Amino acid sequence: MKRDFSNLTSVKKALEKIFEALKEKPLKLEGIPVYEAYGRVLGEDIISSVDLPPFPSALMDGYAVRAEDTAKASEDNPVKLRIVGAAVLGKRTNLKIEAGEACYVPTGSFLPRGADAVVKVEDVKTLNQNLIAISKEIKPGSYVSPAGEDVKRGETLLRKGHILNARDIGILTALRIKEVKVVMKPVVAVFSTGDELVDYHHLILDAEKIIDTHRLMIVQMLRENGSIPYELGIAPDDPDRIVEKLREGLAKADLILTIGGCSQGEKDYVPEAINSLGKPGVIVHGVAIKPGRVTGLAVVDGKPIVILPGLPQSTIVGFILFALPLLRSMLGLSKALPYFSVNAKMKEEVRLIRGIRQFIFVELEKTSEGFFAAPLIGESNLLSNIIKADGFIITTEDATKIEEGQKVSVFLFKTN
């Protein structure tokens, strides 16, 4: 299929075009149990309806007292207090401490009414089972966690758009919150094209066939980034079958990803198949990025379609630069890349093509002088470079080279 890729669209302009073609839609929310909310995006602010702790509590094993009762305590003149009971963890006592009284409190238990301080066990002399002696003055609030010290009633604890982590789940549970509203996971349809492909679910020993590894990688990346993959399998090099896959994807999913069938080959039918389904259809085809030049973007029935190239490195690059921003937008998140980055020095010079933004896979080496990035050079069909890579560099369009020793920002695939 003859196509002209001499006039390429910049990455920035391509993203602007796809988002301009899409109508902004309200986020879809759902309520789920807190214990299932790990990794989900909050759909509303979390405002505490209670104090945490709900009542003043003991920070040490000891005795709850009225601080004023110890005002004149000393080694020569210890204050004697009568033990009137003991607090129990997880239950508020009905006791009220009056003048000259004390109550035993284990760490974490609620203070009885009337008490405003705790004396540590080791600072008390037990005279008998009903009487203790204190030989120093205790200040109000000593070894007491006030009500609301951790979280105050009415405090906004977590904001809409926050991705819930394990620590968040813990505090939500402590606040007695049973259910939270989260953004529904977008459904992403994905299929590959090509008579030469065999599904990764059915590995065979036919060396003439190519295992559909690209789709498997993309499916895992979709899961990593908060969506639900809807697998459509493999479409043969048949325009009608490709249209069938696209129709099913448009009916079932929020975003559609195609892999392969978009370059200049005689059987690269994907762009025409998309255009047959409605307008605007393909709005970008050919992006100033290497690898991934033949990446395309389309909109049909108000739903975005990302046309990913068939070579593995190009597939990954197209997904990161175009599918991820769309996916994150559907989750109410920033469109920025969701990767941590580190500064590193380039281990060797890399020549670049002016006008093209280059995506360079790198291995990192940590030394006493910091990180060094070694570029993984090779054709975009090499799977091994993806496996070896610790991260990647994205250049600017106006750069012509990265010099040896030059400082670069490396986006990390992993953080451990």
# chains A, B, ... in the order shown; residues from 1 in each chain; ligands from 1

call {"tool": "residues_around", "arguments": {"residues": "range 281-286 of chain A", "least_positions_apart": "6", "cutoff": "7 Å", "atoms": "only C-alpha atoms", "output": "PyMOL selection string"}}
result
chain A and resi 5+8-9+14+271+274-275+293-300

call {"tool": "residues_around", "arguments": {"residues": "Lys91 in chain A", "least_positions_apart": "3", "cutoff": "8 Å", "atoms": "only C-alpha atoms", "output": "number ranges by chain"}}
result
A: 87-88, 109-110

call {"tool": "residues_around", "arguments": {"residues": "range 356-369 of chain A", "least_positions_apart": "6", "cutoff": "7 Å", "atoms": "only C-alpha atoms", "output": "list of chain:residue names"}}
result
A:Ala288, A:Ile289, A:Lys290, A:Pro291, A:Pro375, A:Leu376, A:Lys388, A:Ala389, A:Asp390, A:Gly391, A:Phe392, A:Ile393, A:Ile394, A:Thr395, A:Thr396, A:Glu397

call {"tool": "write_last_selection", "arguments": {"atoms": "C-alpha atoms", "output": "mmCIF file, in the first residue's frame"}}
result
data_model
loop_
_atom_site.group_PDB
_atom_site.id
_atom_site.type_symbol
_atom_site.label_atom_id
_atom_site.label_comp_id
_atom_site.auth_asym_id
_atom_site.auth_seq_id
_atom_site.Cartn_x
_atom_site.Cartn_y
_atom_site.Cartn_z
ATOM 1 C CA ALA A 288 8.443 12.393 13.697
ATOM 2 C CA ILE A 289 9.674 9.707 16.085
ATOM 3 C CA LYS A 290 12.277 6.967 15.769
ATOM 4 C CA PRO A 291 11.475 4.124 16.144
ATOM 5 C CA PRO A 375 22.566 3.170 24.483
ATOM 6 C CA LEU A 376 21.171 -0.089 23.126
ATOM 7 C CA LYS A 388 17.948 -5.339 28.538
ATOM 8 C CA ALA A 389 16.772 -1.742 28.908
ATOM 9 C CA ASP A 390 16.551 -0.158 32.356
ATOM 10 C CA GLY A 391 14.890 2.866 30.823
ATOM 11 C CA PHE A 392 14.819 5.229 27.882
ATOM 12 C CA ILE A 393 15.797 8.711 26.729
ATOM 13 C CA ILE A 394 13.558 10.919 24.590
ATOM 14 C CA THR A 395 15.452 13.535 22.593
ATOM 15 C CA THR A 396 14.239 16.862 21.257
ATOM 16 C CA GLU A 397 13.565 17.335 17.545
#

call {"tool": "closest_residue", "arguments": {"among": "A:Asp195, A:Asp51, A:Glu179, A:Asp254", "to": "Leu157 in chain A", "atoms": "only C-alpha atoms"}}
result
A:Asp51

call {"tool": "closest_atom_pairs", "arguments": {"of": "range 10-113 of chain A", "to": "range 324-328 of chain A", "cutoff": "10 Å", "atoms": "only C-alpha atoms", "output": "CSV"}}
result
residue,atom,partner,partner_atom,distance
A:Leu15,CA,A:Pro325,CA,8.4
A:Ile18,CA,A:Leu326,CA,8.8
A:Phe19,CA,A:Leu326,CA,8.1
